[in-house]
Amino acid sequence: MNRDASWAYRNEFHESFARTYFRRFGDGLVSSIGVGTYLGKPTDERDDDYYAAIREALATGVNVVDTAIDYRHQRSERVVGRALADSDVDREAVLLATKGGFVPFDGERPADPAAYVREEFPEYEFVRGNCLDPDFLDESLDRSLENLGVDSIDLYYVHTPEVQLERHDAETVYDMLEAAFTRLEERAAAGDIDHYGVATWEALRVPAGHDSYLSIPELVRRARAASDAAGTTSTHLRALQLPFNVRMADAFTVESHAGPEGRQSALWFAHEAGLDVFASAPLVQGELTAETELPDPVAERLDATTAAQQAINFARSAPGVTSALVGMGTPEHVAENVAAGEHSPLGADGFDAVFE
Ligand SMILES: NC(=O)c1ccc[n+]([C@@H]2O[C@H](COP(=O)([O-])OP(=O)(O)OC[C@H]3O[C@@H](n4cnc5c(N)ncnc54)[C@H](OP(=O)(O)O)[C@@H]3O)[C@@H](O)[C@H]2O)c1
């Protein structure tokens with residue numbers, strides 16, 4: 001993504017949307033609704049549906065695409081690559097994000113996954129399919145570039161590093177992350193990625209001391225050390241990904257990251273540290289689409305029509321969230337969800353009311 005192309009994209013679409021639909025990401029602009037590609041079977045039919053949905057999203061005001069090498073056994077990355085290549089939208093207008101850290105099967109789950117891993121990746125140690133070894137991430141990144149058919153990835157996440165805490169103590173995991181970050185700083189210097197981030201499920205929203213906890217200030221320190229080691233002038237750590245929805249609003253409510261004046265929520269600390277937050281699972285993987293779970297007065301203020309739109313706008317309204325990543329493999333869902341952007345997000349007082 002570059003500045004000029006993302007601004008041109010915004011200029012083409014912004015009149016269809018309410019205020020703050022497009023938001024800053026570095027010197028560029030991104031839509032506050034992104035398309036995610038996690039769920040669904042690893043089938044050709046689902047690939048076709050994702051292809052149509054991603055093209056529809058790009059053509060109607062969504063310039064954030066989120067995937068991961070292991071999603072649907074590399075099929076999601078490959079379909080993102082096809083959709084992007086065939087779209088009329090300029091590649092440079094799009095924030096393309098993917099993740100590495102889990103074993104990527106190749107198109108389908110092998111009959112004997114353990115044997116597959118032993119054969120394909122004999123040199124690495126995995127914890128539930130997760131590995132942060134810099135060489136493994138290097139290989140994954142190369143494969144992602146190929147799957148996506150691009151020269152460079154805008155945002156490359158280390159995927160769910162908290163899994164490593166099941167086997168290693170926190171200090172060891174931070175050391176592993178620093179080594180991974182150092183390699184990613186090098187890949188950024190080589191032009192293979194623009195930025196990197198950390199995509200989490202539990203790590204950043206649980207209380208300090210929880211078994212899955214990772215501290216954002218420590219991640220930032222490790223990224224600075226990685227930048228020094230790699231000789232990059234400043235760190236390329238730019239983003240965090242975590243779930244955010246009315247059932248999982250801990251990134252706003254749980255104060256677990258040590259700031260200058262005491263502990264802060266993940267969203268607040270990230271905001272002050274200049275890190276963008278991308279919210280995953282805004283619909284609780286589809287569960288919030290039938291009926292809203294927001295308190296009535298808040299749902300009314302959200303001014304959006306459907307339960308899905310309300311859930312998406314709730315996530316987009318959270319202070320510190322740059323974009324809500326919505327899993328969409330059905331074009332009709334894209335039309336409904338993107339229309340959420342026609343409504344303004346909640347202001348701070350409206351958002352706070354959810355927690356009163
Ligand atoms: N970092 C992580 O650990 C992590 C974890 C989970 C997800 N993510 C990222 O975040 C993205 C979003 O999370 P998610 O996909 O797990 O969950 P989600 O966005 O909360 O929900 C996606 C599900 O809702 C359905 N849906 C979407 N719009 C709908 C509508 N208007 N009406 C009815 N159903 C609708 C989708 O169906 P269709 O697909 O058929 O449209 C899909 O089954 C993922 O795709 C992925 O990119 C990251």
# chains A, B, ... in the order shown; residues from 1 in each chain; ligands from 1
$ select_by_dssp --residues "stretch 207-279 of chain A" --states "strand (DSSP E)" --output "list in words"
Leu237, Arg238, Ala239, Leu240, Gln241, Leu242, Pro243, Glu255, Ser256, His257, Ala258, Gly259, Gly262, Arg263, Gln264, Ser265, Asp276, Val277, Phe278 and Ala279 of chain A
$ residues_near_ligand --ligand "ligand 1" --cutoff "8 Å" --atoms "only C-alpha atoms and all ligand atoms" --output "PyMOL selection string"
chain A and resi 35-40+50+53+65-68+159-160+199-201+241-243+279-290+306+308-309+324-337
$ select_by_dssp --residues "stretch 9-162 of chain A" --states "alpha helix (DSSP H)" --output "MDAnalysis selection string"
chainID A and resid 9:13 44:59 75:86 113:120 134:148
$ atom_distance --atom1 "atom CA of A:Asn63" --atom2 "atom CA of A:Trp268"
24.8 Å
$ closest_residue --among "A:Asp352, A:Asp194, A:Glu186, A:Asn245" --to "A:Ala229" --atoms "only C-alpha atoms"
A:Glu186
$ closest_residue --among "A:Thr322, A:Gly274, A:Ile312, A:Arg301" --to "A:Phe351" --atoms "only C-alpha atoms"
A:Arg301
$ closest_residue --among "A:Asn11, A:Ser152, A:Gln310, A:Ser140" --to "A:Glu293" --atoms "only C-alpha atoms"
A:Gln310
$ atom_distance --atom1 "atom CA of A:Gly129" --atom2 "atom CA of A:Gly107"
16.3 Å
